[in-house]
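The next block holds one structure in the form of structure tokens; read it before the comments.
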Amino acid sequence: MKIAVIGAGIAGVATAHELAVAGHRVCVFERRGGVAAEASFGTNGVLSPALRPPWATRPLPRPPWRSMPTLGSWWLRARRAAAAGSAHDEAFWALARRSIDRLAHWRSRWPAEYERTDGVLYLWREPAAFELALAASDRLRAAGVRVNALDADACRRLEPGLSAAASISGGLLLPQAEAGNCRLAAHLWRDAAEQLGAEFRFGTSVRAIEGGPGGAAVRFEQLALTTGFAPAREGNEAGRNRAGGVGTERGGAQALLRQRALAAARYLAPVGSETFDAVVICAGTEAAALLAPLGLRLPLQPQAGQSLTLPLRSPERGPRSALVDVEREVTLTRLGERVRVSGGSELGPARKQPSERSMQPLYRALDTWVPGCAHLARPQAWHAARACLPDGLPMIGAVPGHAGLWLNIAHGNAGWTLAAGAALRIAEALDGRGVVDPASDPFAPTAARF
Ligand SMILES: Cc1cc2nc3c(=O)[nH]c(=O)nc-3n(C[C@H](O)[C@H](O)[C@H](O)COP(=O)(O)OP(=O)(O)OC[C@H]3O[C@@H](n4cnc5c(N)ncnc54)[C@H](O)[C@@H]3O)c2cc1C
């Protein structure tokens, strides 16, 4: 089949690759100049089933009163779904585990690494909260997720950089969970997809999708000469990564000339339309805007968060893998010779620049848990929004009543974790393998979820 993928975030590159592996002709439309330029850029880096935790978490904060007319009903729906509880936790954990396994399968074939570390340690300060979490973690164990309960000393042996002054009542280690640089993995996935023939059209924004008897037509607009005239391997962000050792140089002068000619042709005719047998929307927070003209009103909301990435001054004092301060909802992740601190979950789109106020809890967490490990000068601050549905579940599958239209969206705070598994589900379902009955599939785009 000839398949269009809209969006080259982590969901889009994983989907493009999995479809190319299955033998499809894949074309990825991405409005930005490279992969993982939006929500997938500066994530916490954690791949863990416990991104949907069995233990109590802080309820989603109420939006400011001035935003209640637009966000209020969504917020109430999300609060009701959270209070109704855990009916779909097991399905989420199973998908997360399958996804982590699938990623392991692919990374063993990749030519480079993506700053991966094993295990995620969840930490509690309050003894009562830890006791409750310990009891709740039995559900994860029953679902086949390994969970090791640790006292404060064992946490410090595992993570020697943990501050002696930090109050720790206990920790839960998920040894099968892991951490890694989502953006680097996206570049590796793109390379692997291209080697299988997938085409990436950067600087190309999809304006509309139109259904028809011959398939789905994608109307797009060329925004900028971000590829072709300045191709990835000649110096843009992806090129620098490759020069830094990620990926391999491929293709000769002929291929480069062809790529430039194609980009030039597209620039001269910046608006175009092309028909595909299927279209998979992986457009993150923009998915709702693409679906609205088709009469599909998706209650998708952006939820903003931020991260701070700092070079390590004393690598031995930094985290060895990922540490999660469960009560403050801040994660500290080792990424090579850097530490990333991230948190925040605020309904609404991300600002252009993260505010200083939103960064303060991140600096505080660094100082509380692993003080003195990082150079505080020249931090890389990042702010972005993940796309969420009020039921807190991703939406993966075919849209009923719209032949050839597929969704792989709404991954919320777990898009990196779920990328490989969600992509595999899409590829299997498109080929009629492993089909799940939408009525019993909590991730299916059923009418009730719109
Ligand atoms: C602070 C923070 C921390 C996080 N930490 C973690 C974590 O530790 N673990 C985890 O699993 N998840 C984490 N997440 C969630 C994860 O980042 C997201 O779920 C994931 O990146 C979503 O990927 P995506 O590909 O769906 O969306 P995106 O990465 O946003 O990609 C969508 C792409 O579609 C493109 N696009 C949109 N509209 C169009 C159009 N019309 N035409 C062409 N292109 C278009 C966009 O330019 C974009 O590149 C975190 C999120 C945040 C904000």
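By order in the structure tokens, chains are A, B, ...; within a chain, residues start at 1; ligands start at 1, following the order shown.
Residues surrounding A:Leu140 within 10 Å are Pro49, Ala50, Pro53, Pro54, Trp55, Asp89, Glu90, Trp93, Arg146, Val147 and Leu174 of chain A [only C-alpha atoms; sequence separation below 6 positions excluded].
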Please produce a file of the residues just selected, as an mmCIF file, in the first residue's frame, where the atoms kept are N, CA and C atoms.
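The result, stored in part31.cif:
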data_model
loop_
_atom_site.group_PDB
_atom_site.id
_atom_site.type_symbol
_atom_site.label_atom_id
_atom_site.label_comp_id
_atom_site.auth_asym_id
_atom_site.auth_seq_id
_atom_site.Cartn_x
_atom_site.Cartn_y
_atom_site.Cartn_z
ATOM 1 N N PRO A 49 5.961 1.372 32.261
ATOM 2 C CA PRO A 49 4.515 1.165 32.415
ATOM 3 C C PRO A 49 3.931 2.100 33.470
ATOM 4 N N ALA A 50 4.761 2.472 34.469
ATOM 5 C CA ALA A 50 4.243 3.284 35.577
ATOM 6 C C ALA A 50 4.050 4.746 35.199
ATOM 7 N N PRO A 53 0.470 5.239 36.663
ATOM 8 C CA PRO A 53 0.835 4.530 37.892
ATOM 9 C C PRO A 53 -0.371 3.939 38.612
ATOM 10 N N PRO A 54 -0.154 2.839 39.337
ATOM 11 C CA PRO A 54 -1.252 2.286 40.134
ATOM 12 C C PRO A 54 -1.407 3.030 41.453
ATOM 13 N N TRP A 55 -0.400 3.818 41.819
ATOM 14 C CA TRP A 55 -0.464 4.545 43.088
ATOM 15 C C TRP A 55 -1.099 5.923 42.875
ATOM 16 N N ASP A 89 -5.982 0.223 33.136
ATOM 17 C CA ASP A 89 -4.554 0.231 33.495
ATOM 18 C C ASP A 89 -3.824 -0.976 32.906
ATOM 19 N N GLU A 90 -4.440 -2.157 33.053
ATOM 20 C CA GLU A 90 -3.754 -3.380 32.607
ATOM 21 C C GLU A 90 -3.477 -3.330 31.108
ATOM 22 N N TRP A 93 -0.553 -1.035 30.594
ATOM 23 C CA TRP A 93 0.728 -1.640 31.007
ATOM 24 C C TRP A 93 1.178 -2.687 29.986
ATOM 25 N N ARG A 146 7.925 -6.221 36.787
ATOM 26 C CA ARG A 146 8.764 -6.447 37.973
ATOM 27 C C ARG A 146 8.894 -5.154 38.767
ATOM 28 N N VAL A 147 8.664 -5.253 40.088
ATOM 29 C CA VAL A 147 8.778 -4.081 40.967
ATOM 30 C C VAL A 147 9.565 -4.509 42.202
ATOM 31 N N LEU A 174 11.708 -0.177 39.100
ATOM 32 C CA LEU A 174 11.177 -0.981 37.989
ATOM 33 C C LEU A 174 12.362 -1.344 37.093
#
At most 7 Å from ligand 1 (only C-alpha atoms and all ligand atoms): residue list as a PyMOL selection string: chain A and resi 6-12+29-32+35-47+204-207+282-287+290+304-307+342-344+383-387+409-418
Straight-line distance linking atom CA of A:Thr446 with atom CA of A:Ala423, stated in Å to one decimal: 18.6 Å
DSSP strand (DSSP E) residues within stretch 158-401 of chain A, as an NGL selection string: :A and (170-179 or 199-201 or 204-212 or 215-222 or 271-276 or 278-281 or 301-311 or 322-325 or 330-335 or 338-347 or 380-388 or 395-398)
Write out as a CSV table (one decimal) with C-alpha atoms, in the first residue's frame the residues lying within 9 Å of stretch 13-25 of chain A, counting only C-alpha atoms and excluding same-chain residues fewer than 2 positions away.
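What landed in part-v8.csv:
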chain,number,residue,atom,x,y,z
A,1,MET,CA,0.0,0.0,0.0
A,2,LYS,CA,1.0,3.6,-0.4
A,3,ILE,CA,0.7,5.2,3.0
A,4,ALA,CA,1.0,8.8,4.2
A,5,VAL,CA,2.1,9.5,7.8
A,7,GLY,CA,4.0,14.1,11.7
A,8,ALA,CA,7.5,13.1,12.3
A,9,GLY,CA,7.5,13.1,16.1
A,10,ILE,CA,8.4,9.9,17.9
A,11,ALA,CA,4.9,8.4,17.0
A,27,CYS,CA,5.7,9.1,2.8
A,28,VAL,CA,6.0,11.2,6.0
A,35,VAL,CA,12.2,14.8,13.3
A,36,ALA,CA,11.2,15.2,17.0
A,186,ALA,CA,13.8,9.4,16.6
A,187,HIS,CA,16.8,10.2,14.3
A,189,TRP,CA,14.3,5.4,13.6
A,190,ARG,CA,14.1,7.9,10.7
A,191,ASP,CA,17.4,6.5,9.3
A,192,ALA,CA,16.2,3.0,9.6
A,193,ALA,CA,12.9,3.9,7.8
A,194,GLU,CA,14.7,5.7,5.0
A,196,LEU,CA,13.7,0.8,3.8
A,197,GLY,CA,12.6,3.4,1.3
A,198,ALA,CA,10.4,5.7,3.4
A,199,GLU,CA,10.4,9.3,2.2
A,280,VAL,CA,-2.0,7.7,9.5
A,282,CYS,CA,0.6,11.2,14.1
A,408,ASN,CA,-1.9,7.2,16.3
A,419,ALA,CA,5.9,4.7,20.3
A,420,ALA,CA,7.2,1.3,19.2
A,421,GLY,CA,4.1,-0.7,20.5
A,422,ALA,CA,1.6,1.7,19.0
A,423,ALA,CA,3.4,1.7,15.6
A,424,LEU,CA,3.3,-2.1,15.7
A,426,ILE,CA,-1.1,0.2,13.4
A,427,ALA,CA,1.1,-1.9,11.1
A,428,GLU,CA,-0.6,-5.1,12.2
A,430,LEU,CA,-3.5,-2.2,8.5
A,431,ASP,CA,-2.4,-5.6,7.3
Helix (DSSP H, G or I) positions in stretch 233-443 of chain A, given as a VMD selection string: chain A and resid 233 to 234 237 to 243 253 to 268 284 to 294 315 to 317 356 to 369 412 to 430 438 to 440
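Considering only C-alpha atoms, the residue among A:Ile168, A:Asp118, A:Gly434, A:Ser163 positioned nearest to A:Leu150 is A:Ile168.
Nearest to A:Leu158 of all the residues A:Thr331, A:Ser273, A:Ser321, A:Ser48 is A:Ser321, counting only C-alpha atoms.
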Of the listed residues A:Pro69, A:Pro175, A:Pro160, A:Gly144, that which approaches A:Leu121 most closely, counting only C-alpha atoms: A:Pro175
